[in-house]
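K.L.:
Sharing a structure here in structure tokens format.
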Amino acid sequence: MSEGKERIIEALASAVLNMEEDEAASLASEYIAGGHDAYDAIERGLSAGMAEAGRLFEEEEYFIPELLMCADAMNAALDILKPHLVKKESASQATVVLGVVEGDTHDIGKNLVKIMLETAGYRVIDLGRDIAPKDFVRAAEENGASAIAISTLMTTTMGGMEEVVRLLEEQALHDDFPVIVGGGPISPGFARKIGADAYASNAAEAVRVVDNLVNRGTAERIAV
Amino acid sequence: MTEWNPKERLIRVLEKEEVDRPPVICPGGMMNAAIVEVMERSGCTLPEAHSDAEKMANLALAVAEYTGFENLGIPFCLTAEAEVLGSEVTLGNLSCEPKITKEIFGRCSDVETRDIKPLLGEGRIPAIVGAARILADRFPETPVIGNLTGPISTAASLVDPMNFFKDMRRDKESAHRVLEYVSDFLIAFAKAQVAAGATLISIADPTATGEILGPKMFAEYAVPYLNRLIDGIHETGAPVILHICGRLSSVDAQLPGMHSEAISTDALVNLKKLKRDYPTLTTMGNVSTYLLEFQPPEQAARSARSLVDDGTDIIAPACGLSTSTKLASIQAMTGAVRERTQEVYSMVL
């Protein structure tokens with residue numbers, strides 16, 4: 001039986017990577033019919049396929065249309081697997097508040113970051129696009145977030161990012177909610193200048209950077 | 001020493017004729033210089049100027065007068081096209097540009113095409129065309145640049161962008177159908193601007209980048225529809241500038257195949273290298289908008305000077321300007337381009 005399980009898990013990873021939505025869904029059904037643990041298929045099948053898609057994205061083999069299609073294949077399988085998931089890790093799941101700054105209605109990059117963070121096991125509070133600085137702070141407090149991730153594609157709205165950091169400083173909340181910024185016009189230099197804690201140049205990198213931020217935050221809190 | 005007026009100079013550059021120095025312009029549209037400082041000083045303000053021909057013309061004039069840019073550019077947004085085609089738009093305010101609040105269609109297959117001719121009488125199209133006419137009549141020596149949002153960006157403002165990107169792979173037939181429709185509408189809109197007196201057309205297609213689409217999709221979708229649009233505009237005799245956002249590395253080999261007279265690029269692009277790699281290109285750019293907003297004016301002047309020295313054909317900002325850009329920095333940039341030539345000449349003499 002376990003041979004069949006491993007075969008399906010591998011096939012799920014390739015279906016995600018190859019953007020085969022129907023194939024991913026039928027594999028997920030076959031997997032559940034076999035009575036296997038849904039968590040393994042998500043972790044080692046879907047996530048692995050999506051991580052590989054992220055790698056190809058960073059290497060400029062895949063671009064946004066491809067990554068979105070991979071995510072659709074992943075979601076098709078996820079919809080089938082999720083109801084069979086035995087809840088076990090939700091207590092330790094870190095939360096990230098994510099949104100596009102006020103004035104900007106571009107959310108391509110933000111949506112990719114959401115997909116990649118969720119795939120990596122984060123709970124993502126997606127505020128959407130055109131979000132006021134104070135709403136980032138409020139959402140982080142309400143959800144006990146481990147980090148705030150802000151995106152913009154426009155140079156005209158970069159100031160909104162700085163405002164989020166300023167509000168956090170003003171309310172002495174910056175230590176609780178590290179800020180990661182990204183998007184077309186953003187550079188590591190700009191991130192430093194506005195007092196953000198981290199910068200990521202793409203959605204795949206964002207996961208690694210958030211991993212670092214969240215772990216570092218925990219370590220620091222423990223040290224204190 | 002021959003002196004050309006700003007219109008002659010820009011046209012000559014676009015026709016690859018010799019000039020005394022590069023023009024320094026800011027085309028308008030996505031890349032407009034209607035900054036808060038200019039609006040407050042002149043009293044010509046947004047959002048009113050988005051939808052009234054006279055006010056739009058006055059703001060375009062104020063921008064040129066205060067900044068030193070050697071053109072008149074209209075309109076001041078990227079949304080007029082999608083609005084006419086049915087999407088919901090908010091016009092924003094003094095410091096915040098208009099944006100799409102809701103794309104009218106969910107998928108490419110949902111798009112219902114309409115007769116193009118009547119569309120030209122709707123939304124803000126008459127105001128934009130009217131402003132072109134006012135400016136062309138009043139300022140025959142200054143180039144009036146009519147701006148267009150490119151086909152991919154317009155299509156992704158008409159159809160939910162996430163679905164649009166996916167349809168480019170999963171429903172190519174519908175994606176092509178939408179792009180044909182949008183391109184034909186844009187050609188008609190551009191022709192109306194040229195007929196009203198616009199000297200040339202500048203196209204910005206911020207969604208059609210190598211970074212978003214990758215080289216294959218860029219070749220399949222961006223190049224053919226941009227060229228179809230440019231060819232349509234060329235039927236009027238007007239030249240075309242094409243602005244491409246973002247890094248070009250994945251698509252730069254496709255640039256010589258673009259039919260536009262000039263290619264304008266983002267700040268990330270090394271124009272000196274681009275020119276060396278593709279000597280036939282007429283290049284435009286690319287003073288960093290970040291620099292114009294946050295650095296001292298002298299930095300903007302230095303950047304403009306080095307662009308002139310590198311052989312950039314037209315000096316312009318690299319991207320859409322923040323409305324809180326400093327006027328002094330823009331003035332330093334435009335002033336530096338004008339002075340640079342005189343210095344070069346005095347060295348020769």
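Convention: chains lettered A, B, ... in structure tokens order; per-chain residue numbering from 1; ligands numbered from 1 as shown.
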Produce a table with one row for each residue of segment 56-119 of chain B that has an atom at most 12 Å from any atom of segment 299-315 of chain B, each row naming the nearest atom pair and its distance in Å at one decimal; use only C-alpha atoms; arrange rows by chain and rising residue number; format as CSV.
P.N.:
```
residue,atom,partner,partner_atom,distance
B:Phe69,CA,B:Ile315,CA,9.6
B:Glu70,CA,B:Ile315,CA,10.3
B:Asn71,CA,B:Ile314,CA,11.9
```
K.L.:
Write the selection just made, keeping all heavy atoms, as a PDB file, in the first residue's frame?
P.N.:
```pdb
ATOM      1  N   PHE B  69      10.108  70.299 -18.705  1.00  0.00           N
ATOM      2  CA  PHE B  69       9.991  69.225 -19.700  1.00  0.00           C
ATOM      3  C   PHE B  69       9.543  69.832 -21.026  1.00  0.00           C
ATOM      4  O   PHE B  69       8.676  70.720 -21.055  1.00  0.00           O
ATOM      5  CB  PHE B  69       8.994  68.158 -19.247  1.00  0.00           C
ATOM      6  CG  PHE B  69       9.546  67.247 -18.180  1.00  0.00           C
ATOM      7  CD1 PHE B  69       8.869  67.073 -16.981  1.00  0.00           C
ATOM      8  CD2 PHE B  69      10.745  66.564 -18.382  1.00  0.00           C
ATOM      9  CE1 PHE B  69       9.377  66.239 -15.990  1.00  0.00           C
ATOM     10  CE2 PHE B  69      11.255  65.719 -17.397  1.00  0.00           C
ATOM     11  CZ  PHE B  69      10.574  65.559 -16.199  1.00  0.00           C
ATOM     12  N   GLU B  70      10.111  69.332 -22.130  1.00  0.00           N
ATOM     13  CA  GLU B  70       9.906  69.979 -23.426  1.00  0.00           C
ATOM     14  C   GLU B  70       8.791  69.330 -24.233  1.00  0.00           C
ATOM     15  O   GLU B  70       8.949  69.023 -25.420  1.00  0.00           O
ATOM     16  CB  GLU B  70      11.228  69.961 -24.204  1.00  0.00           C
ATOM     17  CG  GLU B  70      12.315  70.705 -23.445  1.00  0.00           C
ATOM     18  CD  GLU B  70      13.694  70.471 -24.004  1.00  0.00           C
ATOM     19  OE1 GLU B  70      13.991  69.348 -24.437  1.00  0.00           O
ATOM     20  OE2 GLU B  70      14.465  71.437 -24.021  1.00  0.00           O
ATOM     21  N   ASN B  71       7.685  69.066 -23.558  1.00  0.00           N
ATOM     22  CA  ASN B  71       6.526  68.511 -24.251  1.00  0.00           C
ATOM     23  C   ASN B  71       5.276  68.794 -23.421  1.00  0.00           C
ATOM     24  O   ASN B  71       5.366  69.174 -22.251  1.00  0.00           O
ATOM     25  CB  ASN B  71       6.672  67.001 -24.423  1.00  0.00           C
ATOM     26  CG  ASN B  71       6.529  66.264 -23.102  1.00  0.00           C
ATOM     27  OD1 ASN B  71       7.391  66.380 -22.223  1.00  0.00           O
ATOM     28  ND2 ASN B  71       5.444  65.541 -22.937  1.00  0.00           N
TER      29      ASN B  71
END
```
K.L.:
For chain A, report every residue with an atom at most 10 Å from chain B (counting only C-alpha atoms), formatted as a PyMOL selection string.
P.N.:
chain A and resi 19+57+60-70+72+102-109+111+129-130+153-159+184-186+190
K.L.:
Could you write out, as a list in words, all the residues of segment 150-340 of chain B that DSSP marks as strand (DSSP E)?
P.N.:
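Filtering segment 150-340 of chain B down to strand (DSSP E) leaves Leu200, Ile201, Ser202, Ile203, Ala204, Val240, Ile241, Leu242, His243, Ile244, Ala262, Ile263, Ser264, Thr265, Thr283, Met284, Gly285, Asn286, Val287, Ile314, Ile315, Ala316 and Pro317 of chain B.
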K.L.:
I'd like to know which residues of segment 167-215 of chain A are alpha helix (DSSP H) (by DSSP, run on the backbone); could you write them as number ranges by chain?
P.N.:
A: 167-170, 188-193, 203-215
K.L.:
How would the residues just picked look written out with N, CA and C atoms as a PDB file, in the first residue's frame?
P.N.:
```pdb
ATOM      1  N   LEU A 167       4.284  53.887  12.421  1.00  0.00           N
ATOM      2  CA  LEU A 167       3.182  53.613  13.355  1.00  0.00           C
ATOM      3  C   LEU A 167       3.586  52.555  14.380  1.00  0.00           C
ATOM      4  N   LEU A 168       4.291  51.528  13.904  1.00  0.00           N
ATOM      5  CA  LEU A 168       4.734  50.462  14.808  1.00  0.00           C
ATOM      6  C   LEU A 168       5.699  51.021  15.854  1.00  0.00           C
ATOM      7  N   GLU A 169       6.616  51.874  15.411  1.00  0.00           N
ATOM      8  CA  GLU A 169       7.575  52.494  16.324  1.00  0.00           C
ATOM      9  C   GLU A 169       6.837  53.345  17.363  1.00  0.00           C
ATOM     10  N   GLU A 170       5.917  54.149  16.844  1.00  0.00           N
ATOM     11  CA  GLU A 170       5.164  55.073  17.691  1.00  0.00           C
ATOM     12  C   GLU A 170       4.424  54.323  18.791  1.00  0.00           C
ATOM     13  N   PRO A 188      16.733  46.631  -1.345  1.00  0.00           N
ATOM     14  CA  PRO A 188      17.192  46.427   0.036  1.00  0.00           C
ATOM     15  C   PRO A 188      17.550  47.758   0.700  1.00  0.00           C
ATOM     16  N   GLY A 189      18.106  48.662  -0.082  1.00  0.00           N
ATOM     17  CA  GLY A 189      18.479  49.978   0.450  1.00  0.00           C
ATOM     18  C   GLY A 189      17.265  50.748   0.947  1.00  0.00           C
ATOM     19  N   PHE A 190      16.194  50.709   0.171  1.00  0.00           N
ATOM     20  CA  PHE A 190      14.970  51.389   0.580  1.00  0.00           C
ATOM     21  C   PHE A 190      14.414  50.743   1.849  1.00  0.00           C
ATOM     22  N   ALA A 191      14.455  49.413   1.916  1.00  0.00           N
ATOM     23  CA  ALA A 191      13.955  48.702   3.095  1.00  0.00           C
ATOM     24  C   ALA A 191      14.695  49.162   4.342  1.00  0.00           C
ATOM     25  N   ARG A 192      16.025  49.251   4.220  1.00  0.00           N
ATOM     26  CA  ARG A 192      16.828  49.716   5.366  1.00  0.00           C
ATOM     27  C   ARG A 192      16.477  51.139   5.737  1.00  0.00           C
ATOM     28  N   LYS A 193      16.333  51.976   4.714  1.00  0.00           N
ATOM     29  CA  LYS A 193      16.094  53.401   4.941  1.00  0.00           C
ATOM     30  C   LYS A 193      14.807  53.636   5.732  1.00  0.00           C
ATOM     31  N   ALA A 203       8.585  36.017  -4.543  1.00  0.00           N
ATOM     32  CA  ALA A 203       7.707  35.276  -3.638  1.00  0.00           C
ATOM     33  C   ALA A 203       8.406  34.081  -2.999  1.00  0.00           C
ATOM     34  N   ALA A 204       9.276  33.427  -3.756  1.00  0.00           N
ATOM     35  CA  ALA A 204       9.960  32.265  -3.200  1.00  0.00           C
ATOM     36  C   ALA A 204      10.940  32.708  -2.111  1.00  0.00           C
ATOM     37  N   GLU A 205      11.639  33.800  -2.394  1.00  0.00           N
ATOM     38  CA  GLU A 205      12.583  34.322  -1.408  1.00  0.00           C
ATOM     39  C   GLU A 205      11.842  34.812  -0.163  1.00  0.00           C
ATOM     40  N   ALA A 206      10.630  35.327  -0.362  1.00  0.00           N
ATOM     41  CA  ALA A 206       9.853  35.848   0.767  1.00  0.00           C
ATOM     42  C   ALA A 206       9.664  34.784   1.841  1.00  0.00           C
ATOM     43  N   VAL A 207       9.469  33.543   1.426  1.00  0.00           N
ATOM     44  CA  VAL A 207       9.269  32.469   2.403  1.00  0.00           C
ATOM     45  C   VAL A 207      10.526  32.290   3.255  1.00  0.00           C
ATOM     46  N   ARG A 208      11.667  32.240   2.606  1.00  0.00           N
ATOM     47  CA  ARG A 208      12.923  32.076   3.363  1.00  0.00           C
ATOM     48  C   ARG A 208      13.138  33.249   4.306  1.00  0.00           C
ATOM     49  N   VAL A 209      12.848  34.444   3.816  1.00  0.00           N
ATOM     50  CA  VAL A 209      13.069  35.638   4.633  1.00  0.00           C
ATOM     51  C   VAL A 209      12.116  35.651   5.831  1.00  0.00           C
ATOM     52  N   VAL A 210      10.862  35.287   5.597  1.00  0.00           N
ATOM     53  CA  VAL A 210       9.907  35.244   6.711  1.00  0.00           C
ATOM     54  C   VAL A 210      10.315  34.152   7.700  1.00  0.00           C
ATOM     55  N   ASP A 211      10.760  33.001   7.194  1.00  0.00           N
ATOM     56  CA  ASP A 211      11.268  31.948   8.088  1.00  0.00           C
ATOM     57  C   ASP A 211      12.340  32.517   9.022  1.00  0.00           C
ATOM     58  N   ASN A 212      13.282  33.220   8.428  1.00  0.00           N
ATOM     59  CA  ASN A 212      14.361  33.829   9.216  1.00  0.00           C
ATOM     60  C   ASN A 212      13.838  34.810  10.233  1.00  0.00           C
ATOM     61  N   LEU A 213      12.956  35.683   9.773  1.00  0.00           N
ATOM     62  CA  LEU A 213      12.412  36.735  10.642  1.00  0.00           C
ATOM     63  C   LEU A 213      11.687  36.135  11.821  1.00  0.00           C
ATOM     64  N   VAL A 214      10.837  35.170  11.540  1.00  0.00           N
ATOM     65  CA  VAL A 214       9.998  34.591  12.576  1.00  0.00           C
ATOM     66  C   VAL A 214      10.865  33.831  13.577  1.00  0.00           C
ATOM     67  N   ASN A 215      11.827  33.062  13.072  1.00  0.00           N
ATOM     68  CA  ASN A 215      12.712  32.331  13.969  1.00  0.00           C
ATOM     69  C   ASN A 215      13.581  33.258  14.793  1.00  0.00           C
TER      70      ASN A 215
END
```
K.L.:
Excluding Glu8 of chain B and its own-chain neighbours fewer than 5 positions away, which residues fall within 12 Å of it when counting only C-alpha atoms? Please give them as JSON, numbers by chain.
P.N.:
{"B": [2, 3, 13, 14, 15, 17, 18, 19, 20, 21, 22, 23, 70, 71, 140, 141, 142, 143, 144, 199, 200]}
K.L.:
Which residues are near Ala53 of chain B? Cut-off 7 Å, only C-alpha atoms, ignore same chain within fewer than 4 positions. Put them as an NGL selection string.
P.N.:
:B and (57 or 127-128 or 130-131)
K.L.:
In Å to one decimal, how far is atom CA of Asn202 of chain A from atom CA of Arg55 of chain A?
P.N.:
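Computing the Euclidean distance for atom CA of Arg55 of chain A and atom CA of Asn202 of chain A yields 10.7 Å.
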K.L.:
Excluding Val111 of chain B and residues on its chain fewer than 3 positions from it, collect all residues at most 7 Å away from it, counting only C-alpha atoms, and give them as a list in words.
P.N.:
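Near neighbours after the sequence-gap exclusion: Phe105, Cys108 and Val178 of chain B.
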K.L.:
Keeping N, CA and C atoms, export the residues of the selection given above as a compact mmCIF listing (two decimals), in the first residue's frame.
P.N.:
```
# COMPACT_ATOMS: atom_id res chain seq x y z
N PHE B 105 -14.81 42.00 -16.19
CA PHE B 105 -14.96 40.58 -16.56
C PHE B 105 -14.07 39.67 -15.70
N CYS B 108 -11.34 35.78 -19.65
CA CYS B 108 -11.27 36.26 -21.04
C CYS B 108 -12.49 35.79 -21.83
N VAL B 178 -9.47 38.79 -26.76
CA VAL B 178 -9.56 40.00 -25.95
C VAL B 178 -8.48 41.00 -26.38
```
K.L.:
Could you tell me how far atom CA of Ile131 of chain A lies from atom CA of Val101 of chain A, in Å and to one decimal?
P.N.:
4.9 Å
K.L.:
Need to verify the contact set: Gly197 of chain B, 7 Å, only C-alpha atoms, exclusion of same-chain residues closer than 3 positions in sequence. Can you return it as an MDAnalysis selection string?
P.N.:
chainID B and resid 132:133 136 193:194
K.L.:
Given the selection you just returned, output its residues as a file containing N, CA, C and O atoms, formatted as an mmCIF file, in the first residue's frame.
P.N.:
```
data_model
loop_
_atom_site.group_PDB
_atom_site.id
_atom_site.type_symbol
_atom_site.label_atom_id
_atom_site.label_comp_id
_atom_site.auth_asym_id
_atom_site.auth_seq_id
_atom_site.Cartn_x
_atom_site.Cartn_y
_atom_site.Cartn_z
ATOM 1 N N ALA B 132 -6.002 67.406 -26.387
ATOM 2 C CA ALA B 132 -4.978 67.334 -27.440
ATOM 3 C C ALA B 132 -5.205 68.464 -28.445
ATOM 4 O O ALA B 132 -4.252 69.130 -28.886
ATOM 5 N N ARG B 133 -6.467 68.697 -28.789
ATOM 6 C CA ARG B 133 -6.783 69.725 -29.791
ATOM 7 C C ARG B 133 -6.415 71.115 -29.274
ATOM 8 O O ARG B 133 -5.779 71.907 -29.968
ATOM 9 N N ALA B 136 -2.549 71.458 -29.153
ATOM 10 C CA ALA B 136 -1.930 71.499 -30.487
ATOM 11 C C ALA B 136 -2.212 72.840 -31.160
ATOM 12 O O ALA B 136 -1.340 73.407 -31.832
ATOM 13 N N GLN B 193 -6.634 60.879 -31.150
ATOM 14 C CA GLN B 193 -5.716 61.851 -30.542
ATOM 15 C C GLN B 193 -4.841 62.506 -31.609
ATOM 16 O O GLN B 193 -4.610 63.714 -31.582
ATOM 17 N N VAL B 194 -4.346 61.699 -32.549
ATOM 18 C CA VAL B 194 -3.495 62.260 -33.602
ATOM 19 C C VAL B 194 -4.307 63.196 -34.498
ATOM 20 O O VAL B 194 -3.850 64.286 -34.861
#
```
K.L.:
Kindly give the distance, in Å, that separates atom CA of Leu10 of chain B and atom CA of Val269 of chain B, rounded to a single decimal.
P.N.:
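Between these atoms lies a distance of 22.0 Å.
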K.L.:
What's the 9 Å shell around Ala13 of chain A, counting only C-alpha atoms, without same-chain residues fewer than 4 positions away, as a list in words?
P.N.:
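Residues meeting the cut-off are Ile8, Ile9, Leu17, Asn18, Ala24, Ala41, Arg44, Gly45, Leu46, Ser47, Ala48, Gly49, Met50, Glu52 and Met74 of chain A.
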